[in-house]
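J.: Dropping in final-v6.txt, with compact mmCIF, C-alpha atoms (C1' of nucleotides).
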```
# COMPACT_ATOMS: atom_id res chain seq x y z
CA MET G 5 198.62 151.86 -8.94
CA ALA G 6 200.18 148.42 -9.50
CA GLU G 7 200.14 146.62 -12.83
CA PRO G 8 197.07 144.41 -13.00
CA GLU G 9 198.94 142.19 -15.43
CA ALA G 10 201.65 141.45 -12.92
CA LEU G 11 199.00 140.20 -10.55
CA GLY G 12 197.19 138.35 -13.27
CA ALA G 13 199.22 135.25 -12.67
CA ALA G 14 197.90 135.14 -9.14
CA GLY G 15 194.75 133.64 -10.57
CA ALA G 16 191.10 134.28 -11.29
CA VAL G 17 190.85 136.82 -8.51
CA GLY G 18 192.81 139.14 -10.79
CA ARG G 19 190.82 141.89 -12.51
CA ASP G 20 191.06 145.04 -10.51
CA ALA G 21 190.55 143.60 -7.08
CA GLU G 22 190.99 147.04 -5.63
CA ALA G 23 188.16 148.53 -7.66
CA VAL G 24 185.92 145.59 -7.03
CA SER G 25 186.44 145.82 -3.32
CA ARG G 26 185.73 149.51 -3.30
CA PHE G 27 182.46 148.99 -5.07
CA VAL G 28 181.46 146.06 -2.89
CA GLU G 29 182.01 147.92 0.34
CA HIS G 30 180.35 151.06 -0.89
CA PHE G 31 177.32 149.28 -2.24
CA ALA G 32 177.04 147.11 0.85
CA ALA G 33 177.05 150.20 3.01
CA GLN G 34 173.92 151.39 1.24
CA LEU G 35 172.19 148.09 1.82
CA VAL G 36 173.14 148.20 5.46
CA GLU G 37 171.68 151.65 5.79
CA ALA G 38 168.48 150.30 4.32
CA GLY G 39 168.29 147.80 7.12
CA MET G 40 170.05 144.71 5.80
CA PRO G 41 172.64 142.99 8.05
CA ARG G 42 176.24 143.68 7.16
CA MET G 43 177.58 140.31 6.06
CA PRO G 44 174.69 139.48 3.75
CA SER G 45 175.10 142.93 2.24
CA ARG G 46 178.78 142.41 1.56
CA VAL G 47 178.31 138.94 0.17
CA PHE G 48 175.58 140.17 -2.09
CA GLY G 49 177.76 143.00 -3.30
CA ALA G 50 180.57 140.60 -4.09
CA LEU G 51 178.24 138.42 -6.14
CA LEU G 52 176.87 141.39 -8.05
CA ALA G 53 180.37 142.51 -8.91
CA SER G 54 181.64 139.10 -9.91
CA ASP G 55 182.21 138.25 -13.53
CA THR G 56 180.01 135.19 -13.64
CA GLY G 57 177.47 136.30 -11.06
CA ALA G 58 178.32 133.27 -8.98
CA LEU G 59 181.00 132.50 -6.41
CA THR G 60 181.90 129.64 -4.13
CA SER G 61 182.00 129.82 -0.38
CA VAL G 62 185.78 129.82 -0.38
CA GLU G 63 186.02 132.61 -2.94
CA LEU G 64 183.64 134.73 -0.91
CA GLY G 65 185.57 134.08 2.26
CA GLU G 66 188.87 135.07 0.69
CA GLN G 67 187.61 138.12 -1.09
CA LEU G 68 185.80 139.52 1.92
CA ARG G 69 188.24 138.24 4.52
CA ILE G 70 185.59 136.51 6.57
CA SER G 71 185.31 133.06 8.11
CA PRO G 72 183.42 130.17 6.50
CA ALA G 73 180.90 130.51 9.30
CA ALA G 74 180.18 134.08 8.31
CA VAL G 75 179.73 133.08 4.69
CA SER G 76 177.37 130.34 5.72
CA GLY G 77 175.24 132.69 7.79
CA ALA G 78 175.14 135.40 5.16
CA VAL G 79 174.22 133.00 2.40
CA ARG G 80 171.47 131.44 4.46
CA TYR G 81 169.99 134.88 4.98
CA LEU G 82 170.21 135.81 1.31
CA ALA G 83 168.68 132.54 0.20
CA GLN G 84 165.82 132.96 2.66
CA VAL G 85 164.87 136.32 1.20
CA HIS G 86 165.38 134.97 -2.32
CA MET G 87 168.17 137.29 -3.26
CA VAL G 88 170.53 134.48 -4.22
CA SER G 89 170.12 130.85 -5.14
CA ARG G 90 172.38 127.95 -4.35
CA GLU G 91 173.81 125.67 -6.98
CA ARG G 92 175.62 122.41 -6.54
CA GLU G 93 178.31 121.70 -9.04
CA PRO G 94 177.61 118.05 -9.81
CA GLY G 95 180.43 115.80 -8.75
CA SER G 96 181.80 118.21 -6.19
CA ARG G 97 180.90 119.12 -2.66
CA ARG G 98 181.43 122.71 -3.55
CA GLU G 99 178.43 124.91 -3.53
CA ARG G 100 178.05 127.96 -5.69
CA TYR G 101 175.95 130.98 -4.87
CA ARG G 102 174.40 132.92 -7.68
CA VAL G 103 172.55 136.15 -8.10
CA HIS G 104 169.96 136.08 -10.87
CA SER G 105 169.05 139.62 -11.80
CA ASP G 106 165.41 138.93 -12.48
CA GLN G 107 165.21 136.93 -9.32
CA TRP G 108 166.46 139.52 -6.96
CA TYR G 109 164.49 142.38 -8.42
CA GLU G 110 161.43 140.36 -7.57
CA ALA G 111 162.79 139.82 -4.10
CA LEU G 112 163.13 143.54 -3.63
CA THR G 113 159.54 144.26 -4.51
CA ASN G 114 158.11 140.98 -3.34
CA ARG G 115 158.12 141.99 0.19
CA GLU G 116 154.94 139.96 -0.20
CA ALA G 117 155.25 138.13 3.08
CA ILE G 118 156.08 141.31 4.91
CA ILE G 119 153.25 143.28 3.39
CA LYS G 120 150.85 140.47 4.14
CA ARG G 121 151.72 140.57 7.78
CA TRP G 122 151.31 144.31 7.95
CA GLU G 123 147.92 143.89 6.42
CA ASP G 124 146.98 141.25 8.94
CA ALA G 125 148.00 143.44 11.84
CA LEU G 126 145.99 146.32 10.39
CA ARG G 127 142.91 144.21 9.77
CA GLU G 128 143.03 143.03 13.33
CA GLY G 129 143.34 146.61 14.51
CA VAL G 130 140.35 147.75 12.49
CA VAL G 131 138.22 145.06 14.08
CA SER G 132 139.36 145.49 17.64
CA LEU G 133 139.23 149.26 17.62
CA GLY G 134 135.99 149.36 15.67
CA ALA G 135 135.65 150.24 12.03
CA ASP G 136 133.43 153.20 12.93
CA THR G 137 135.94 154.87 15.24
CA PRO G 138 138.33 157.53 13.98
CA ALA G 139 141.32 155.37 14.74
CA GLY G 140 139.69 152.37 13.08
CA GLY G 141 139.03 154.46 10.01
CA ARG G 142 142.65 155.51 9.85
CA LEU G 143 143.80 151.93 10.05
CA ALA G 144 141.32 150.93 7.37
CA GLU G 145 142.66 153.53 5.01
CA THR G 146 146.21 152.44 5.67
CA LEU G 147 145.16 148.89 4.96
CA ALA G 148 143.59 150.00 1.70
CA PHE G 149 146.86 151.63 0.75
CA PHE G 150 148.80 148.44 1.26
CA GLU G 151 146.30 146.42 -0.70
CA PHE G 152 146.48 148.92 -3.50
CA MET G 153 150.23 148.87 -3.48
CA GLU G 154 150.34 145.11 -3.62
CA GLY G 155 148.57 145.05 -6.96
CA GLU G 156 150.55 147.96 -8.32
CA LEU G 157 153.87 146.37 -7.55
CA GLU G 158 152.87 143.32 -9.48
CA SER G 159 151.96 145.20 -12.63
CA MET G 160 155.04 147.34 -12.24
CA MET G 161 157.20 144.25 -12.43
CA ASP G 162 155.33 143.19 -15.57
CA ARG G 163 156.18 146.50 -17.17
CA TRP G 164 159.77 146.18 -16.04
CA ARG G 165 160.18 142.84 -17.76
CA VAL G 166 159.02 144.39 -21.00
CA HIS G 167 161.22 147.41 -20.56
CA ARG G 168 164.15 145.19 -19.77
CA GLU G 169 163.86 143.02 -22.81
CA GLN G 170 163.81 146.07 -25.03
CA HIS G 171 167.04 147.33 -23.57
CA PHE G 172 168.96 144.25 -22.57
CA GLY G 173 167.50 141.43 -24.59
CA GLU G 174 166.31 138.17 -23.09
CA GLY G 175 167.73 137.30 -19.67
CA MET S 27 137.34 140.78 30.08
CA ALA S 28 136.60 143.83 32.31
CA GLU S 29 133.87 146.36 31.59
CA PRO S 30 135.28 149.18 29.50
CA GLU S 31 132.62 151.48 30.95
CA ALA S 32 133.87 150.95 34.47
CA LEU S 33 137.29 152.13 33.35
CA GLY S 34 135.84 155.02 31.43
CA ALA S 35 136.01 157.31 34.42
CA ALA S 36 139.76 156.83 34.48
CA GLY S 37 140.01 159.49 31.81
CA ALA S 38 140.81 160.10 28.18
CA VAL S 39 143.08 157.08 28.08
CA GLY S 40 139.89 155.05 28.34
CA ARG S 41 138.64 153.44 25.14
CA ASP S 42 139.88 149.93 25.17
CA ALA S 43 143.40 150.56 26.27
CA GLU S 44 144.00 146.85 26.23
CA ALA S 45 143.00 146.46 22.59
CA VAL S 46 144.93 149.55 21.55
CA SER S 47 148.05 148.30 23.22
CA ARG S 48 147.73 144.92 21.62
CA PHE S 49 147.48 146.47 18.20
CA VAL S 50 150.31 148.89 18.79
CA GLU S 51 152.73 146.20 19.88
CA HIS S 52 151.73 143.83 17.14
CA PHE S 53 151.98 146.42 14.41
CA ALA S 54 155.23 147.76 15.77
CA ALA S 55 156.67 144.27 15.70
CA GLN S 56 156.08 144.16 11.94
CA LEU S 57 157.82 147.46 11.44
CA VAL S 58 160.75 146.27 13.50
CA GLU S 59 161.02 143.19 11.38
CA ALA S 60 161.15 145.41 8.34
CA GLY S 61 164.20 147.14 9.78
CA MET S 62 162.84 150.07 11.74
CA PRO S 63 164.17 150.64 15.28
CA ARG S 64 161.85 149.57 18.07
CA MET S 65 160.93 152.81 19.79
CA PRO S 66 160.06 154.70 16.61
CA SER S 67 157.94 151.74 15.59
CA ARG S 68 156.01 151.72 18.83
CA VAL S 69 155.52 155.46 18.83
CA PHE S 70 154.29 155.35 15.28
CA GLY S 71 151.87 152.57 16.10
CA ALA S 72 150.48 154.54 19.01
CA LEU S 73 149.89 157.55 16.79
CA LEU S 74 148.19 155.47 14.12
CA ALA S 75 145.86 153.97 16.71
CA SER S 76 145.04 157.25 18.43
CA ASP S 77 141.67 158.88 17.96
CA THR S 78 142.94 162.20 16.73
CA GLY S 79 146.06 160.96 15.00
CA ALA S 80 148.14 163.16 17.25
CA LEU S 81 149.56 162.75 20.74
CA THR S 82 151.77 164.72 23.07
CA SER S 83 155.10 163.59 24.38
CA VAL S 84 153.62 162.90 27.81
CA GLU S 85 150.75 160.85 26.43
CA LEU S 86 153.16 158.76 24.41
CA GLY S 87 155.40 158.22 27.39
CA GLU S 88 152.51 157.08 29.57
CA GLN S 89 150.89 154.84 27.03
CA LEU S 90 154.10 153.09 26.04
CA ARG S 91 155.75 153.21 29.45
CA ILE S 92 158.90 154.82 28.20
CA SER S 93 161.00 157.74 29.35
CA PRO S 94 160.74 161.25 27.89
CA ALA S 95 164.20 160.70 26.45
CA ALA S 96 163.00 157.69 24.53
CA VAL S 97 160.04 159.62 23.18
CA SER S 98 162.32 162.40 22.11
CA GLY S 99 164.63 160.06 20.26
CA ALA S 100 161.85 158.14 18.58
CA VAL S 101 160.09 161.28 17.45
CA ARG S 102 163.27 162.75 16.07
CA TYR S 103 163.74 159.64 13.99
CA LEU S 104 160.18 159.64 12.71
CA ALA S 105 160.30 163.30 11.82
CA GLN S 106 163.57 162.82 9.97
CA VAL S 107 162.07 160.17 7.72
CA HIS S 108 158.90 162.23 7.36
CA MET S 109 156.57 159.76 8.94
CA VAL S 110 155.26 162.23 11.49
CA SER S 111 155.17 166.00 11.75
CA ARG S 112 155.51 168.15 14.82
CA GLU S 113 152.96 170.72 15.83
CA ARG S 114 153.22 173.36 18.48
CA GLU S 115 150.03 174.20 20.27
CA PRO S 116 150.23 178.00 20.37
CA GLY S 117 150.50 179.34 23.87
CA SER S 118 151.88 176.17 25.31
CA ARG S 119 155.27 174.56 25.44
CA ARG S 120 153.63 171.29 24.66
CA GLU S 121 154.43 169.75 21.36
CA ARG S 122 152.12 167.44 19.50
CA TYR S 123 153.16 164.75 17.09
CA ARG S 124 150.87 163.90 14.23
CA VAL S 125 150.68 161.25 11.56
CA HIS S 126 149.22 162.49 8.29
CA SER S 127 148.13 159.52 6.22
CA ASP S 128 149.03 161.01 2.89
CA GLN S 129 152.31 162.16 4.28
CA TRP S 130 153.54 158.86 5.54
CA TYR S 131 152.49 156.90 2.50
CA GLU S 132 154.79 159.15 0.57
CA ALA S 133 157.51 158.53 3.09
CA LEU S 134 157.17 154.80 2.57
CA THR S 135 157.61 155.01 -1.17
CA ASN S 136 159.81 158.06 -1.20
CA ARG S 137 162.83 156.16 -0.28
CA GLU S 138 164.05 158.72 -2.79
CA ALA S 139 167.22 159.57 -0.95
CA ILE S 140 168.01 155.93 -0.40
CA ILE S 141 167.39 154.93 -3.98
CA LYS S 142 169.49 157.83 -5.19
CA ARG S 143 172.44 156.64 -3.22
CA TRP S 144 172.09 153.10 -4.47
CA GLU S 145 172.08 154.47 -7.95
CA ASP S 146 175.21 156.49 -7.28
CA ALA S 147 177.01 153.47 -5.94
CA LEU S 148 175.99 151.44 -8.98
CA ARG S 149 176.98 154.14 -11.46
CA GLU S 150 180.38 154.31 -9.86
CA GLY S 151 180.68 150.55 -10.08
CA VAL S 152 179.81 150.49 -13.77
CA VAL S 153 182.55 152.99 -14.48
CA SER S 154 185.27 151.46 -12.36
CA LEU S 155 184.60 147.88 -13.45
CA GLY S 156 184.09 148.86 -17.06
CA ALA S 157 180.74 149.02 -18.83
CA ASP S 158 181.89 146.35 -21.27
CA THR S 159 182.72 143.72 -18.66
CA PRO S 160 180.17 141.13 -17.57
CA ALA S 161 180.09 142.50 -14.05
CA GLY S 162 179.76 146.05 -15.33
CA GLY S 163 176.86 144.96 -17.48
CA ARG S 164 175.13 143.41 -14.53
CA LEU S 165 175.50 146.57 -12.51
CA ALA S 166 174.23 148.64 -15.41
CA GLU S 167 171.10 146.57 -15.64
CA THR S 168 170.52 146.84 -11.93
CA LEU S 169 170.93 150.57 -12.21
CA ALA S 170 168.38 150.64 -15.01
CA PHE S 171 165.97 148.78 -12.78
CA PHE S 172 166.25 151.36 -10.03
CA GLU S 173 165.80 154.20 -12.45
CA PHE S 174 162.74 152.53 -13.88
CA MET S 175 161.33 151.94 -10.44
CA GLU S 176 161.84 155.52 -9.43
CA GLY S 177 159.49 156.76 -12.12
CA GLU S 178 156.99 154.01 -11.54
CA LEU S 179 156.68 154.74 -7.85
CA GLU S 180 155.85 158.31 -8.61
CA SER S 181 153.02 157.50 -10.97
CA MET S 182 151.83 154.83 -8.62
CA MET S 183 151.35 157.41 -5.92
CA ASP S 184 149.41 159.54 -8.35
CA ARG S 185 147.06 156.67 -8.99
CA TRP S 186 146.75 156.03 -5.29
CA ARG S 187 145.60 159.56 -4.62
CA VAL S 188 142.83 159.14 -7.17
CA HIS S 189 141.89 155.75 -5.81
CA ARG S 190 141.85 157.13 -2.30
CA GLU S 191 139.56 160.03 -3.02
CA GLN S 192 137.06 157.70 -4.60
CA HIS S 193 136.92 155.55 -1.50
CA PHE S 194 137.60 157.90 1.37
CA GLY S 195 136.81 161.35 0.07
CA GLU S 196 139.20 164.26 0.44
CA GLY S 197 141.76 163.95 3.21
C1' DC C 29 184.28 101.44 3.91
C1' DG C 30 187.23 104.93 5.46
C1' DC C 31 189.37 109.34 3.98
C1' DT C 32 189.03 113.89 2.46
C1' DT C 33 186.80 118.14 1.55
C1' DC C 34 183.31 121.36 2.05
C1' DT C 35 179.57 123.22 4.81
C1' DT C 36 176.97 123.93 8.94
C1' DT C 37 176.28 124.35 13.87
C1' DC C 38 177.52 125.90 18.46
C1' DA C 39 179.25 128.57 22.27
C1' DG C 40 181.53 132.47 23.50
C1' DA C 41 183.83 137.17 22.77
C1' DA C 42 183.38 141.69 20.88
C1' DA C 43 181.02 145.47 19.22
C1' DT C 44 177.09 147.95 18.25
C1' DT C 45 172.67 149.44 19.41
C1' DT C 46 169.12 150.92 22.62
C1' DG C 47 166.99 153.00 26.64
C1' DT C 48 167.40 155.35 31.12
C1' DG C 49 168.37 158.97 34.58
C1' DA C 50 170.02 163.39 35.28
C1' DA C 51 171.46 167.76 33.95
C1' DG C 52 170.82 171.41 30.52
C1' DT C 53 168.11 174.47 27.38
C1' DT C 54 164.28 176.99 25.74
C1' DA C 55 160.01 179.40 26.12
C1' DA C 56 155.57 180.76 28.31
C1' DC C 57 153.45 182.94 32.20
C1' DG C 58 152.83 185.58 36.42
C1' DC P 4 162.71 189.04 35.53
C1' DG P 5 162.22 184.89 37.91
C1' DT P 6 159.69 180.52 37.91
C1' DT P 7 158.05 176.58 35.95
C1' DA P 8 156.95 173.24 32.47
C1' DA P 9 158.32 170.85 28.45
C1' DC P 10 161.67 168.98 25.51
C1' DT P 11 166.54 167.72 24.41
C1' DT P 12 171.15 166.16 25.13
C1' DC P 13 174.65 163.46 27.42
C1' DA P 14 177.04 159.65 29.58
C1' DC P 15 176.50 155.31 31.11
C1' DA P 16 174.34 150.63 31.71
C1' DA P 17 172.00 146.79 29.65
C1' DA P 18 170.64 143.95 26.10
C1' DT P 19 170.95 142.37 21.62
C1' DT P 20 173.29 141.37 17.59
C1' DT P 21 177.26 139.85 14.98
C1' DC P 22 181.40 137.31 13.98
C1' DT P 23 184.93 133.96 15.01
C1' DG P 24 187.23 129.50 16.16
C1' DA P 25 186.45 124.83 16.98
C1' DA P 26 184.01 120.70 16.33
C1' DA P 27 180.48 118.05 14.14
C1' DG P 28 177.95 116.71 10.00
C1' DA P 29 177.31 115.41 4.85
C1' DA P 30 178.94 113.82 0.43
C1' DG P 31 182.10 112.47 -3.13
C1' DC P 32 186.25 109.56 -4.11
C1' DG P 33 189.69 106.01 -3.75
```
What is this structure when it is put down as C-alpha cells?
T.:
Amino acid sequence: MAEPEALGAAGAVGRDAEAVSRFVEHFAAQLVEAGMPRMPSRVFGALLASDTGALTSVELGEQLRISPAAVSGAVRYLAQVHMVSREREPGSRRERYRVHSDQWYEALTNREAIIKRWEDALREGVVSLGADTPAGGRLAETLAFFEFMEGELESMMDRWRVHREQHFGEG
Amino acid sequence: MAEPEALGAAGAVGRDAEAVSRFVEHFAAQLVEAGMPRMPSRVFGALLASDTGALTSVELGEQLRISPAAVSGAVRYLAQVHMVSREREPGSRRERYRVHSDQWYEALTNREAIIKRWEDALREGVVSLGADTPAGGRLAETLAFFEFMEGELESMMDRWRVHREQHFGEG
DNA sequence: CGCTTCTTTCAGAAATTTGTGAAGTTAACG
DNA sequence: CGTTAACTTCACAAATTTCTGAAAGAAGCG
C-alpha cells in the first residue's frame, strides 16, 4: 500500500511493518492453539521475525503494543522454557532478548522435564495398581513408550544438526 | 489404611479406589501442565487406569464426581484429538469410551495437523518477508526443522511398533 | 552520592475458560 | 407408538487466567 521508503526515515522499525505484524500474529495464533500463553507466543513471533533475532524490551512493547509489564512476564516465561535467552548490552541497563535457532529447537523437543514427570506419575501408578493387573500393565506399556521416545528424540536432534549443517552451514 | 476386602462387596468400583484416584489426579495434573484442559485430562487418566481400558459415561461421572455434561464435553475433546474412541454396546443406548494404546501414542506424535499449520504460517512468512532477508532466512530454517521432524516422527513410530512387539507381544 | 533509565513486582480490572443444571434429542424396548 | 434411558446442547454462574497502570527496585552515569 504505502511506500516503505517514505516510512524508512521513521527508523529501524521500517521494513514492511505490516507484513511482519501479519506474520507475527498468525504464527503466534498457532502457538497459542498448541497451548502456549498468548503474550509469550507473540513476543516469540516478533523475535523470530526480527532482522537480528534479538530485540529490546522497549522495541517489543512498541511493536506489539503491550505494556512493559506484559513484556516482562512474557520474557520470563520464554526464558524459563529456554526458548529465548537474555543478553545484557554491557554499559547499558537495556536488556536484549534473543532467539537462538538451535536453542529453541532443543526446547521444543526437550520437553525433558515434562516427560520425566509423566514417567514418574506412571511409575507410581504401576506400583500402586500392581504390575500384574491389567491396568498396571497398560501403564507399564505407556511408560515404556515414553522411555523409548526420550532416547529417540535425542538421536533425532543429532541427525537434525547434521542435516542442518549440510543445508545451512554452521550456526 | 482400610481393608480393601471389606470394601470389595461395594461392587465393581472396588479395587483400590483410593490408589486409582490418586494416580488419576496426579497423572491428569501432568497433562494439564502440558496444556490439556482439566476434564479431558482426568477422564483420560481414569480410562488409562481402568481394568478394561474402557468405561461408560456413568462410570466416569461417578468415579470423577462430575456431571454428565462434563463427561460429554471431555469425551468429545478426547475423541476429536484421537486419544479415545467411542464404542456402542449393541442393543443398549450406553456408550463406552476406550483408550487404545497404539492409537493414543499416534495421537501424541501425530500433531500432524498442528505441525502442518505451523509450516504454513512459516512458509507465508518466508515469502512476505523475503527469502533473502535475515529474518526470512531464519524462518526458512525453522520451516526446514519442522519438515525434518515430520519425517522423523513417522519413522520413530515405526521403530516403536517393533520395539513394542518385542516387549509386549501383539496388541 | 544522587539522578536517570530500564526492568520487575503488585494489586486490581477485564476477559476467557470451565463446569453445572435443565431442557432437548435420539434410540431401544415393551 | 409411547415410555424410558442415555447422551448432548444451551445458557448461565464461578473460577481462573491475563493484562494493565502504578510504584518499587537495580544499575549505570554524572
J.: Please report, as a tab-separated table, each residue of chain S lying at most 9 Å from chain C, together with the nearest pair of atoms and the separation in Å rounded to one decimal; use all atoms listed in the file, and order rows by chain and ascending residue number.
T.:
```
residue	atom	partner	partner_atom	distance
S:Pro63	CA	C:DT46	C1'	8.9
S:Arg64	CA	C:DT46	C1'	8.7
S:Met65	CA	C:DT46	C1'	8.9
S:Ile92	CA	C:DG47	C1'	8.4
S:Ser93	CA	C:DT48	C1'	7.1
S:Ala95	CA	C:DT48	C1'	7.8
S:Ala96	CA	C:DG47	C1'	6.5
S:Gly117	CA	C:DA56	C1'	6.9
S:Ser118	CA	C:DA56	C1'	6.6
S:Arg119	CA	C:DA55	C1'	6.8
```
J.: Residues of chain P that approach chain S to 12 Å or less, counting all atoms listed in the file: could you list each one with the shortest pair of atoms and its distance in Å to one decimal, rows by chain and increasing residue number, as a tab-separated table?
T.:
```
residue	atom	partner	partner_atom	distance
P:DT7	C1'	S:Arg119	CA	11.1
P:DA8	C1'	S:Arg119	CA	7.3
P:DA9	C1'	S:Arg119	CA	5.7
P:DC10	C1'	S:Ser98	CA	7.4
P:DT11	C1'	S:Ser98	CA	7.2
P:DT12	C1'	S:Ala95	CA	8.9
P:DC13	C1'	S:Ala95	CA	10.9
```
J.: Using all atoms listed in the file, what does the table of chain S residues within 9 Å of chain G look like, with each row giving the shortest atom pair and its distance in Å to one decimal, sorted by chain and ascending number, as a Markdown table?
T.:
```
| residue | atom | partner | partner_atom | distance |
| --- | --- | --- | --- | --- |
| S:Arg41 | CA | G:Leu133 | CA | 8.6 |
| S:Asp42 | CA | G:Leu133 | CA | 7.6 |
| S:Ala45 | CA | G:Ser132 | CA | 6.2 |
| S:Val46 | CA | G:Leu133 | CA | 6.9 |
| S:Arg48 | CA | G:Gly129 | CA | 8.5 |
| S:Phe49 | CA | G:Gly129 | CA | 5.5 |
| S:Val50 | CA | G:Gly129 | CA | 8.5 |
| S:His52 | CA | G:Ala125 | CA | 6.5 |
| S:Phe53 | CA | G:Ala125 | CA | 5.6 |
| S:Gln56 | CA | G:Trp122 | CA | 6.2 |
| S:Leu57 | CA | G:Trp122 | CA | 8.0 |
| S:Glu59 | CA | G:Ile118 | CA | 8.4 |
| S:Ala60 | CA | G:Ile118 | CA | 7.4 |
| S:Gly61 | CA | G:Gly39 | CA | 4.9 |
| S:Met62 | CA | G:Gly39 | CA | 7.5 |
| S:Leu74 | CA | G:Ala139 | CA | 6.9 |
| S:Ala75 | CA | G:Ala139 | CA | 5.1 |
| S:Ser76 | CA | G:Ala139 | CA | 5.6 |
| S:Asp77 | CA | G:Ala139 | CA | 4.8 |
| S:Thr78 | CA | G:Pro138 | CA | 7.1 |
| S:Gly79 | CA | G:Ala139 | CA | 7.3 |
| S:Ser127 | CA | G:Thr146 | CA | 7.4 |
| S:Tyr131 | CA | G:Phe149 | CA | 7.9 |
| S:Ile140 | CA | G:Ala38 | CA | 7.4 |
| S:Arg143 | CA | G:Gln34 | CA | 7.0 |
| S:Trp144 | CA | G:Gln34 | CA | 6.2 |
| S:Ala147 | CA | G:Phe31 | CA | 5.6 |
| S:Leu148 | CA | G:Phe31 | CA | 7.2 |
| S:Glu150 | CA | G:Phe27 | CA | 7.5 |
| S:Gly151 | CA | G:Phe27 | CA | 5.5 |
| S:Ser154 | CA | G:Ala23 | CA | 6.2 |
| S:Leu155 | CA | G:Ala23 | CA | 6.8 |
| S:Thr159 | CA | G:Asp55 | CA | 7.5 |
| S:Pro160 | CA | G:Asp55 | CA | 5.4 |
| S:Ala161 | CA | G:Asp55 | CA | 4.8 |
| S:Gly162 | CA | G:Ala53 | CA | 7.4 |
| S:Arg164 | CA | G:Leu52 | CA | 7.0 |
| S:Leu165 | CA | G:Leu52 | CA | 7.0 |
| S:Glu167 | CA | G:Phe172 | CA | 7.6 |
| S:Thr168 | CA | G:Ser105 | CA | 7.4 |
| S:Ala170 | CA | G:Arg168 | CA | 8.4 |
| S:Phe171 | CA | G:Trp164 | CA | 7.5 |
| S:Phe174 | CA | G:Trp164 | CA | 7.3 |
| S:Met175 | CA | G:Met160 | CA | 8.0 |
| S:Glu178 | CA | G:Met160 | CA | 7.0 |
| S:Leu179 | CA | G:Met160 | CA | 8.8 |
| S:Met182 | CA | G:Glu156 | CA | 7.0 |
| S:Met183 | CA | G:Met153 | CA | 9.0 |
| S:Trp186 | CA | G:Phe152 | CA | 7.3 |
| S:His189 | CA | G:Phe152 | CA | 8.5 |
| S:Arg190 | CA | G:Phe149 | CA | 8.0 |
| S:His193 | CA | G:Glu145 | CA | 8.9 |
| S:Phe194 | CA | G:Glu145 | CA | 7.6 |
```
J.: Just the number, please: distance in Å from CA of Val101 in chain S to CA of Glu154 in chain G, one decimal.
T.: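 Between these atoms lies a distance of 28.3 Å.
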J.: Expressed in Å to a single decimal, how great is the separation between CA of Gln106 in chain S and CA of Arg91 in chain S?
T.: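 If I compute the distance from CA of Gln106 in chain S to CA of Arg91 in chain S, I get 23.1 Å.
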